[in-house]
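These notes are about the structure you will find just below.
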Amino acid sequence: MVIQITLPDETVKEVQQGTTIREMAGLIGTGLARQAVAGKLDGRIADLDRPLVENSHLEILTLDSRDGLDIMRHSCTHVMAQAVKRIFGEEAVRLGIGPVIEDGFYYDMALPRPLSTEDLASIEREMNTIIQENLPITRREVSRGEALALFEQQGERFKVELIHDLPEEEVITLYEQGEFVDLCRGPHVPTTGRIKAFKLMSVAGAYWRGNSDNVMLQRIYGTAFASAAQLKEHLQFLEEAKRRDHRKLGKELELFMFSEEAPGMPFYLPKGMTIRTILEDFAREIQRQRDYEEVRTPLMMNNRIWEQSGHWDHYKDNMYFTWVDETKYALKPMNCPGHMLIYKNSLRSYRELPIRISEFGQVHRHEMSGALGGMMRVRTFCQDDAHLFVLPEQIEEEIGQIMDLIDYMYRVFGFEYKIELSTRPEDSMGSEELWERAESSLRSVLERRGIDYVLNEGDGAFYGPKIDFHILDALKRSWQCGTIQLDFQMPEKFELSYIGEDGLKHRPVVIHRAVYGSIDRFIGMLTEHYAGAFPLWLAPVQVKLLPVSDQVLGYALEVKRSLAEVGIRTELDIRQEKLGYKIREAQLEKVPYMLVIGDKEAEAGTVSVRKRGEGDLGLIGTRELIARIISEIKQKQV
């Protein structure tokens, strides 16, 4: 029987029923057949040996595609597990799960002893042996009983548990390569020899199935790429990311710290607080120009307000609670309810709208200890929240203005960004009609402005859809920071109203908005983006004065006063150290300007200027230098 196979370019090929995906690749081209690792059959990924049984759409996958690369990485987990069993012995290894993750893979295993760096090197060598053996990787469907018998015989208790948890109708498949067999849905590359460049990265502890009540396994992380050049580029990227790690730089540059006395809660040191204050003041000035009014709401409120807002139903597992006078209170995880109360404090007229209120509000959210990560994942942080109370006909105009504000602020930092539209999640409140209305409004703004966006279905806030801004940093990593959320729900929950032109009460619409998102996270991200070398306007110390000797200390103090009088942040290094040492220290501190002061400079009323990234600029008069620095600060050059 002849069937029709439609290719991605809409070409239709007629082939005999039962033709495999591998054979189909050969019919398209011999080069493609050599590169093929799997196929995507009617949108579902399948092994090359899968037969074509009916009219279908087919895409041949190679390692150049994300799907193809993930398949190779998945196969790499099996090769790694096989290598571990060869080294430690079948009886000593019990396998958990081995999925593909972003940029790599891992496999959880119970092993006789903790693995070392030397063990990873041994595993890599054995993996290379398995790859050189070019073992066929074959798929086999088995019954539940056959699968249980096999893994019970091998003592693979974790696999047995997984099989028991599978739905009755589940098709159970095994993948085999040489002496190794694993429970797996697949698909996989056809042979172990198709695995290209790989590297084992690290070992960590991991509870079986993520449950702390279960046994701790060892998780071996690795990565794999289609070529040695791509692997090398990735490893260089990781080294650069490690060099830029905000936790490392934050400690070296004395920006912030963490303590066992408050896990997941940052302490700002003077220099870090300077950066935070500058960021807040920058946002305040931009918002002031756009008619925002700043407010401050309590850190803790009666629990009934969180029940009223919907946070209790949708967010209580992430909240902190306490009792005051036998009444339950909660630390705020968000600023929204407080702003609803502020709006409701006065009788509002349609003539007042839009009302834009902003807050640098400290919020608290309970994160699991294992999820904490420097400034990027904390338990308390400052949100640069704003809530706009608008008439329905003002929605699109206000959202457009917010987008312009976010675009302006991100450009100051030199950021590119991408936009996502997130729609109604499963755990949501409100009617389908209101959600459709809100989603249509956001979609209309994006499309009328000709903005490219990615649809992120089901990832909206529980009270409304949102537009998220994903910043790309210097390493092209993506960070979700800014957000615009449209909310028809909270005005109903809090019975917000305004007096319309008709003299009757109407409901306003609320727009939630943040630019930095979490200021703490934004500072961590900026630290990595700039590798600690903050631009002049943002640098906690803008100028470091380096007197050559005590004889010129008086003149150095005069220069410091002149700089401080015009607001230039300056430090004076009066240590009894050699000039070269002082310069190297200032370079390590990534100070934008170093001013060397000796007898010659003191006599001439000048300073010898060294600028970060440019080197020695020579002798410059103090007034001229001040004018130059002030101009550069005002321009906010990156």
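As shown in the structure tokens, the chain order sets the letters A, B, ...; within each chain, residues go from 1, and ligands are also counted from 1 in the order they appear.
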*Who sits within 10 Å of A:Val12, only C-alpha atoms, same chain under 6 positions skipped, as a ChimeraX atom specification*: /A:3-6,55-58
_Residue neighbourhood A:Ser358, 12 Å, only C-alpha atoms, exclusion window fewer than 3 positions, as a ChimeraX atom specification_ = /A:280,283-288,290-297,335-336,338-340,342-343,355,361,383-389,511-515
Going by DSSP on the backbone, which bits of stretch 429-599 of chain A are strand (DSSP E or B)? Write them as a PDB file with C-alpha atoms, in the first residue's frame, please.
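Result file is out-v2.pdb:
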ATOM      1  CA  VAL A 454       6.303  34.741  21.904  1.00  0.00           C
ATOM      2  CA  LEU A 455       3.006  33.303  23.155  1.00  0.00           C
ATOM      3  CA  ASN A 456       3.538  31.603  26.523  1.00  0.00           C
ATOM      4  CA  ALA A 461      -0.624  35.532  36.894  1.00  0.00           C
ATOM      5  CA  GLY A 464      -4.663  38.244  34.793  1.00  0.00           C
ATOM      6  CA  LYS A 466       0.791  39.565  31.327  1.00  0.00           C
ATOM      7  CA  ILE A 467       3.496  40.841  29.027  1.00  0.00           C
ATOM      8  CA  ASP A 468       6.945  39.794  30.270  1.00  0.00           C
ATOM      9  CA  PHE A 469      10.238  41.394  29.259  1.00  0.00           C
ATOM     10  CA  HIS A 470      13.208  39.017  29.018  1.00  0.00           C
ATOM     11  CA  ILE A 471      16.531  40.858  29.122  1.00  0.00           C
ATOM     12  CA  LEU A 472      19.554  39.503  27.254  1.00  0.00           C
ATOM     13  CA  SER A 478      17.855  35.606  29.294  1.00  0.00           C
ATOM     14  CA  TRP A 479      16.461  37.130  32.518  1.00  0.00           C
ATOM     15  CA  GLN A 480      12.782  37.849  33.090  1.00  0.00           C
ATOM     16  CA  CYS A 481      12.591  41.291  34.696  1.00  0.00           C
ATOM     17  CA  GLY A 482       9.915  43.728  33.568  1.00  0.00           C
ATOM     18  CA  THR A 483       6.246  42.796  33.488  1.00  0.00           C
ATOM     19  CA  ILE A 484       2.908  44.368  32.597  1.00  0.00           C
ATOM     20  CA  GLN A 485      -0.164  42.584  33.953  1.00  0.00           C
ATOM     21  CA  LEU A 486      -3.763  43.441  33.155  1.00  0.00           C
ATOM     22  CA  ASP A 487      -6.220  42.782  35.959  1.00  0.00           C
ATOM     23  CA  TYR A 498     -15.000  55.648  40.405  1.00  0.00           C
ATOM     24  CA  ILE A 499     -17.829  58.041  39.673  1.00  0.00           C
ATOM     25  CA  LYS A 505     -20.246  54.030  40.060  1.00  0.00           C
ATOM     26  CA  HIS A 506     -18.021  52.067  37.667  1.00  0.00           C
ATOM     27  CA  VAL A 509      -9.157  48.370  35.488  1.00  0.00           C
ATOM     28  CA  VAL A 510      -5.816  47.744  37.214  1.00  0.00           C
ATOM     29  CA  ILE A 511      -2.494  47.472  35.387  1.00  0.00           C
ATOM     30  CA  HIS A 512       0.317  45.919  37.461  1.00  0.00           C
ATOM     31  CA  ARG A 513       3.781  46.978  36.324  1.00  0.00           C
ATOM     32  CA  ALA A 514       7.434  46.430  37.250  1.00  0.00           C
ATOM     33  CA  VAL A 515      10.607  47.423  35.396  1.00  0.00           C
ATOM     34  CA  TYR A 516      13.435  45.978  37.480  1.00  0.00           C
ATOM     35  CA  GLY A 517      11.132  43.317  38.875  1.00  0.00           C
ATOM     36  CA  SER A 518      13.246  42.465  41.897  1.00  0.00           C
ATOM     37  CA  VAL A 543      37.149  58.035  41.371  1.00  0.00           C
ATOM     38  CA  LYS A 544      40.055  56.655  43.387  1.00  0.00           C
ATOM     39  CA  LEU A 545      42.731  59.131  44.465  1.00  0.00           C
ATOM     40  CA  LEU A 546      46.219  57.634  44.691  1.00  0.00           C
ATOM     41  CA  PRO A 547      48.712  60.003  46.370  1.00  0.00           C
ATOM     42  CA  THR A 570      35.486  59.454  45.619  1.00  0.00           C
ATOM     43  CA  GLU A 571      37.827  57.377  47.772  1.00  0.00           C
ATOM     44  CA  LEU A 572      41.307  58.383  48.915  1.00  0.00           C
ATOM     45  CA  TYR A 593      38.887  56.672  37.218  1.00  0.00           C
ATOM     46  CA  MET A 594      42.223  56.546  39.072  1.00  0.00           C
ATOM     47  CA  LEU A 595      43.908  59.863  39.783  1.00  0.00           C
ATOM     48  CA  VAL A 596      47.618  59.647  40.578  1.00  0.00           C
ATOM     49  CA  ILE A 597      48.896  62.623  42.573  1.00  0.00           C
TER      50      ILE A 597
END
*Give the alpha helix (DSSP H) residues of stretch 195-431 of chain A, as DSSP finds them on the backbone, and put them as JSON, numbers by chain.*
{"A": [228, 229, 230, 231, 232, 233, 234, 235, 236, 237, 238, 239, 240, 241, 242, 243, 244, 246, 247, 248, 249, 250, 251, 252, 270, 271, 272, 273, 274, 275, 276, 277, 278, 279, 280, 281, 282, 283, 284, 285, 286, 287, 288, 289, 303, 304, 305, 306, 307, 308, 309, 311, 312, 313, 314, 315, 336, 337, 338, 339, 340, 341, 342, 343, 344, 395, 396, 397, 398, 399, 400, 401, 402, 403, 404, 405, 406, 407, 408, 409, 410, 411, 412]}
*Using only C-alpha atoms, which residue out of A:Glu501, A:Glu439, A:Asp42, A:Glu90 lies closest to A:Arg348?*
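Nearest to A:Arg348: A:Glu501.
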Hey, what's within 12 Å of A:Leu115 if we count only C-alpha atoms and toss same-chain stuff fewer than 4 positions away? As a short mmCIF file (atom, residue, chain, number, x, y, z; two decimals) with N, CA, C and O atoms, in the first residue's frame, please?
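What follows is the written file part-v9.cif:
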data_model
loop_
_atom_site.label_atom_id
_atom_site.label_comp_id
_atom_site.auth_asym_id
_atom_site.auth_seq_id
_atom_site.Cartn_x
_atom_site.Cartn_y
_atom_site.Cartn_z
N VAL A 84 29.40 3.84 33.92
CA VAL A 84 29.45 3.73 35.38
C VAL A 84 29.30 2.28 35.82
O VAL A 84 30.01 1.80 36.71
N ILE A 87 32.47 0.36 35.25
CA ILE A 87 33.55 0.70 36.19
C ILE A 87 33.28 0.13 37.58
O ILE A 87 34.16 -0.46 38.21
N PHE A 88 32.06 0.33 38.09
CA PHE A 88 31.76 -0.06 39.47
C PHE A 88 31.16 -1.46 39.59
O PHE A 88 31.09 -2.00 40.70
N MET A 109 22.02 8.34 40.42
CA MET A 109 22.43 6.96 40.67
C MET A 109 22.76 6.76 42.15
O MET A 109 23.23 7.68 42.82
N ALA A 110 22.51 5.53 42.62
CA ALA A 110 23.01 5.11 43.93
C ALA A 110 24.32 4.37 43.68
O ALA A 110 24.37 3.39 42.93
N LEU A 111 25.41 4.87 44.30
CA LEU A 111 26.75 4.33 44.06
C LEU A 111 27.40 3.94 45.39
O LEU A 111 27.01 4.44 46.45
N ASP A 119 37.12 10.30 39.35
CA ASP A 119 36.11 9.34 38.89
C ASP A 119 35.44 9.84 37.61
O ASP A 119 35.18 9.06 36.69
N LEU A 120 35.15 11.14 37.54
CA LEU A 120 34.52 11.69 36.33
C LEU A 120 35.41 11.48 35.13
O LEU A 120 34.94 11.15 34.03
N ALA A 121 36.71 11.68 35.30
CA ALA A 121 37.66 11.46 34.19
C ALA A 121 37.65 10.00 33.75
O ALA A 121 37.69 9.70 32.55
N SER A 122 37.57 9.07 34.72
CA SER A 122 37.52 7.64 34.39
C SER A 122 36.23 7.30 33.64
O SER A 122 36.25 6.52 32.68
N ILE A 123 35.13 7.88 34.08
CA ILE A 123 33.84 7.63 33.41
C ILE A 123 33.89 8.16 31.98
O ILE A 123 33.40 7.50 31.04
N SER A 202 30.01 17.85 36.69
CA SER A 202 30.03 17.90 38.16
C SER A 202 29.17 16.79 38.74
O SER A 202 28.44 16.11 38.02
N VAL A 203 29.26 16.65 40.06
CA VAL A 203 28.44 15.70 40.81
C VAL A 203 27.77 16.45 41.95
O VAL A 203 28.39 17.31 42.59
N ALA A 204 26.50 16.14 42.19
CA ALA A 204 25.77 16.78 43.30
C ALA A 204 24.86 15.74 43.93
O ALA A 204 24.56 14.70 43.34
N GLY A 205 24.39 16.03 45.13
CA GLY A 205 23.42 15.17 45.77
C GLY A 205 22.02 15.50 45.28
O GLY A 205 21.71 16.65 44.97
N LEU A 217 20.70 10.35 46.29
CA LEU A 217 21.46 9.75 45.20
C LEU A 217 22.55 10.73 44.77
O LEU A 217 22.58 11.88 45.18
N GLN A 218 23.45 10.25 43.89
CA GLN A 218 24.46 11.12 43.30
C GLN A 218 24.01 11.49 41.88
O GLN A 218 23.67 10.61 41.09
N ARG A 219 24.00 12.76 41.61
CA ARG A 219 23.58 13.26 40.29
C ARG A 219 24.82 13.69 39.51
O ARG A 219 25.52 14.62 39.91
N ILE A 220 25.07 13.00 38.40
CA ILE A 220 26.21 13.34 37.54
C ILE A 220 25.69 14.23 36.41
O ILE A 220 24.83 13.81 35.63
N TYR A 221 26.23 15.44 36.34
CA TYR A 221 25.85 16.37 35.28
C TYR A 221 26.85 16.29 34.13
O TYR A 221 28.06 16.13 34.34
#
*Which residues, written as an MDAnalysis selection string, have at least one atom at most 12 Å from A:Pro190, with only C-alpha atoms counted and residues fewer than 2 positions away on the same chain left out?*
chainID A and resid 21:22 33:39 46:50 62 68 71:72 75 131 134:139 175:177 186:188 192:195
Dump N, CA and C atoms for the selected residues as a JSON list (two decimals), in the first residue's frame?
[["chain", "number", "residue", "atom", "x", "y", "z"],
["A", 21, "ILE", "N", 11.67, 5.62, 8.89],
["A", 21, "ILE", "CA", 12.12, 7.02, 8.84],
["A", 21, "ILE", "C", 13.53, 7.08, 8.29],
["A", 22, "ARG", "N", 14.38, 6.10, 8.65],
["A", 22, "ARG", "CA", 15.75, 6.06, 8.15],
["A", 22, "ARG", "C", 15.75, 5.92, 6.63],
["A", 33, "ALA", "N", 20.62, 11.31, 5.04],
["A", 33, "ALA", "CA", 20.57, 10.00, 5.68],
["A", 33, "ALA", "C", 21.75, 9.79, 6.61],
["A", 34, "ARG", "N", 22.92, 10.29, 6.22],
["A", 34, "ARG", "CA", 24.11, 10.15, 7.07],
["A", 34, "ARG", "C", 24.00, 10.99, 8.34],
["A", 35, "GLN", "N", 23.33, 12.14, 8.22],
["A", 35, "GLN", "CA", 23.25, 13.06, 9.36],
["A", 35, "GLN", "C", 22.03, 12.82, 10.25],
["A", 36, "ALA", "N", 21.06, 12.08, 9.77],
["A", 36, "ALA", "CA", 19.81, 11.89, 10.50],
["A", 36, "ALA", "C", 20.04, 11.17, 11.83],
["A", 37, "VAL", "N", 19.37, 11.65, 12.89],
["A", 37, "VAL", "CA", 19.43, 10.96, 14.19],
["A", 37, "VAL", "C", 18.05, 10.50, 14.64],
["A", 38, "ALA", "N", 16.98, 11.10, 14.09],
["A", 38, "ALA", "CA", 15.61, 10.73, 14.45],
["A", 38, "ALA", "C", 14.67, 11.45, 13.49],
["A", 39, "GLY", "N", 13.39, 11.29, 13.71],
["A", 39, "GLY", "CA", 12.40, 11.99, 12.90],
["A", 39, "GLY", "C", 11.32, 12.58, 13.78],
["A", 46, "ALA", "N", 10.42, 10.44, 16.91],
["A", 46, "ALA", "CA", 10.46, 8.98, 16.81],
["A", 46, "ALA", "C", 11.85, 8.53, 16.35],
["A", 47, "ASP", "N", 12.20, 7.27, 16.69],
["A", 47, "ASP", "CA", 13.47, 6.69, 16.27],
["A", 47, "ASP", "C", 13.50, 6.50, 14.75],
["A", 48, "LEU", "N", 14.70, 6.40, 14.21],
["A", 48, "LEU", "CA", 14.86, 6.21, 12.76],
["A", 48, "LEU", "C", 14.25, 4.91, 12.26],
["A", 49, "ASP", "N", 14.18, 3.89, 13.12],
["A", 49, "ASP", "CA", 13.64, 2.60, 12.70],
["A", 49, "ASP", "C", 12.12, 2.53, 12.77],
["A", 50, "ARG", "N", 11.47, 3.63, 13.16],
["A", 50, "ARG", "CA", 10.00, 3.64, 13.23],
["A", 50, "ARG", "C", 9.42, 3.54, 11.82],
["A", 62, "THR", "N", 18.40, 16.29, 12.56],
["A", 62, "THR", "CA", 19.85, 16.14, 12.61],
["A", 62, "THR", "C", 20.36, 16.85, 13.87],
["A", 68, "GLY", "N", 17.26, 17.39, 17.71],
["A", 68, "GLY", "CA", 18.29, 16.41, 17.42],
["A", 68, "GLY", "C", 19.39, 16.42, 18.47],
["A", 71, "ILE", "N", 18.18, 14.73, 21.61],
["A", 71, "ILE", "CA", 18.19, 13.26, 21.46],
["A", 71, "ILE", "C", 19.59, 12.71, 21.70],
["A", 72, "MET", "N", 20.60, 13.37, 21.12],
["A", 72, "MET", "CA", 21.97, 12.92, 21.33],
["A", 72, "MET", "C", 22.35, 13.01, 22.81],
["A", 75, "SER", "N", 20.84, 10.17, 24.68],
["A", 75, "SER", "CA", 21.62, 8.95, 24.45],
["A", 75, "SER", "C", 22.91, 8.98, 25.26],
["A", 131, "ILE", "N", 31.52, 4.70, 22.89],
["A", 131, "ILE", "CA", 31.22, 5.43, 21.65],
["A", 131, "ILE", "C", 32.01, 4.83, 20.49],
["A", 134, "ASN", "N", 30.65, 1.78, 18.84],
["A", 134, "ASN", "CA", 29.56, 2.05, 17.89],
["A", 134, "ASN", "C", 28.42, 1.03, 18.04],
["A", 135, "LEU", "N", 27.98, 0.85, 19.29],
["A", 135, "LEU", "CA", 26.95, -0.14, 19.59],
["A", 135, "LEU", "C", 25.60, 0.31, 19.06],
["A", 136, "PRO", "N", 24.85, -0.54, 18.39],
["A", 136, "PRO", "CA", 23.48, -0.18, 17.99],
["A", 136, "PRO", "C", 22.61, 0.06, 19.22],
["A", 137, "ILE", "N", 21.77, 1.08, 19.15],
["A", 137, "ILE", "CA", 20.82, 1.37, 20.23],
["A", 137, "ILE", "C", 19.45, 0.97, 19.72],
["A", 138, "THR", "N", 18.86, -0.05, 20.32],
["A", 138, "THR", "CA", 17.61, -0.62, 19.80],
["A", 138, "THR", "C", 16.47, -0.46, 20.79],
["A", 139, "ARG", "N", 15.29, -0.27, 20.26],
["A", 139, "ARG", "CA", 14.07, -0.09, 21.05],
["A", 139, "ARG", "C", 13.29, -1.40, 21.08],
["A", 175, "TYR", "N", 15.44, 0.34, 26.03],
["A", 175, "TYR", "CA", 16.47, 0.63, 25.03],
["A", 175, "TYR", "C", 17.72, -0.13, 25.43],
["A", 176, "GLU", "N", 18.32, -0.80, 24.44],
["A", 176, "GLU", "CA", 19.47, -1.66, 24.69],
["A", 176, "GLU", "C", 20.65, -1.25, 23.83],
["A", 177, "GLN", "N", 21.84, -1.34, 24.42],
["A", 177, "GLN", "CA", 23.08, -1.10, 23.67],
["A", 177, "GLN", "C", 24.14, -2.01, 24.28],
["A", 186, "GLY", "N", 12.55, 7.02, 25.12],
["A", 186, "GLY", "CA", 13.29, 7.37, 23.92],
["A", 186, "GLY", "C", 12.82, 8.70, 23.37],
["A", 187, "PRO", "N", 13.15, 9.00, 22.11],
["A", 187, "PRO", "CA", 13.97, 8.18, 21.21],
["A", 187, "PRO", "C", 15.46, 8.40, 21.46],
["A", 188, "HIS", "N", 16.27, 7.67, 20.67],
["A", 188, "HIS", "CA", 17.72, 7.76, 20.79],
["A", 188, "HIS", "C", 18.37, 7.79, 19.42],
["A", 192, "THR", "N", 25.77, 4.25, 19.39],
["A", 192, "THR", "CA", 26.57, 5.06, 20.32],
["A", 192, "THR", "C", 27.62, 5.89, 19.59],
["A", 193, "GLY", "N", 28.02, 5.44, 18.41],
["A", 193, "GLY", "CA", 29.02, 6.17, 17.64],
["A", 193, "GLY", "C", 28.54, 7.51, 17.13],
["A", 194, "ARG", "N", 27.22, 7.76, 17.18],
["A", 194, "ARG", "CA", 26.69, 9.04, 16.71],
["A", 194, "ARG", "C", 26.83, 10.14, 17.76],
["A", 195, "ILE", "N", 27.27, 9.78, 18.96],
["A", 195, "ILE", "CA", 27.49, 10.79, 19.99],
["A", 195, "ILE", "C", 28.80, 11.50, 19.70]]
Sorted by chain and rising residue number, list the residues of stretch 406-433 of chain A at most 8 Å from stretch 629-638 of chain A (counting only C-alpha atoms), each with its closest atom pair and distance in Å to one decimal, as JSON lines.
{"residue": "A:Val412", "atom": "CA", "partner": "A:Lys636", "partner_atom": "CA", "distance": 6.8}
{"residue": "A:Phe413", "atom": "CA", "partner": "A:Val638", "partner_atom": "CA", "distance": 6.4}
{"residue": "A:Gly414", "atom": "CA", "partner": "A:Val638", "partner_atom": "CA", "distance": 6.5}
*One decimal, Å: what's the distance from atom CA of A:Trp306 over to atom CA of A:Ala371, could you say?*
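Taking atom CA of A:Trp306 as the start and atom CA of A:Ala371 as the end point, the length is 24.7 Å.
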_Å distance separating atom CA of A:Pro263 from atom CA of A:Tyr207, one decimal place_ = 21.1 Å
*Counting only C-alpha atoms, figure out which residue out of A:Ile163, A:Val591, A:Ala206, A:Leu353 gets nearest to A:Glu398.*
A:Leu353
*Tell me, as a VMD selection string, which residues lie within 10 Å of A:Ala262, counting only C-alpha atoms; anything in the same chain fewer than 5 positions away does not count.*
chain A and resid 267 379 to 380
Generate a file of the selected residues that holds all heavy atoms, formatted as a short mmCIF file (atom, residue, chain, number, x, y, z; two decimals), in the first residue's frame.
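As written to disk, selection.cif reads:
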data_model
loop_
_atom_site.label_atom_id
_atom_site.label_comp_id
_atom_site.auth_asym_id
_atom_site.auth_seq_id
_atom_site.Cartn_x
_atom_site.Cartn_y
_atom_site.Cartn_z
N PHE A 267 22.19 41.06 52.75
CA PHE A 267 22.64 42.23 53.51
C PHE A 267 23.38 43.14 52.53
O PHE A 267 24.33 42.70 51.88
CB PHE A 267 23.62 41.81 54.62
CG PHE A 267 23.01 41.04 55.75
CD1 PHE A 267 22.57 39.74 55.57
CD2 PHE A 267 22.89 41.61 57.00
CE1 PHE A 267 22.02 39.01 56.61
CE2 PHE A 267 22.34 40.89 58.07
CZ PHE A 267 21.90 39.59 57.88
N ARG A 379 14.63 35.14 49.66
CA ARG A 379 13.36 35.05 50.40
C ARG A 379 12.75 36.41 50.71
O ARG A 379 11.60 36.50 51.11
CB ARG A 379 13.58 34.27 51.70
CG ARG A 379 13.77 32.78 51.44
CD ARG A 379 14.11 32.04 52.71
NE ARG A 379 14.07 30.59 52.48
CZ ARG A 379 14.60 29.69 53.30
NH1 ARG A 379 15.24 30.09 54.40
NH2 ARG A 379 14.51 28.41 53.03
N THR A 380 13.55 37.46 50.57
CA THR A 380 13.01 38.81 50.69
C THR A 380 13.69 39.69 49.64
O THR A 380 14.91 39.57 49.44
CB THR A 380 13.20 39.38 52.10
OG1 THR A 380 12.62 40.71 52.14
CG2 THR A 380 14.65 39.47 52.49
#
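Between atom CA of A:Gln154 and atom CA of A:Val171 there is a distance of 21.1 Å.
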*asked:* Taking 5 positions as the minimum chain separation for residues in the same chain, which residues sit within 9 Å of A:Gly96 when counting only C-alpha atoms? Answer as a ChimeraX atom specification.
replied: /A:107-110,156-159,162,208-209,217
*Nearest candidate to A:Ser497 (options A:Gln82, A:Thr117, A:Gln153, A:Ser349; using only C-alpha atoms)*: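 Residue with the minimum atom-to-atom distance to A:Ser497: A:Ser349.
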*Closest to A:His366 among A:Val215, A:Leu588, A:Val378, A:Val53, using only C-alpha atoms?*
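Distance minimum relative to A:His366 lands on A:Val378.
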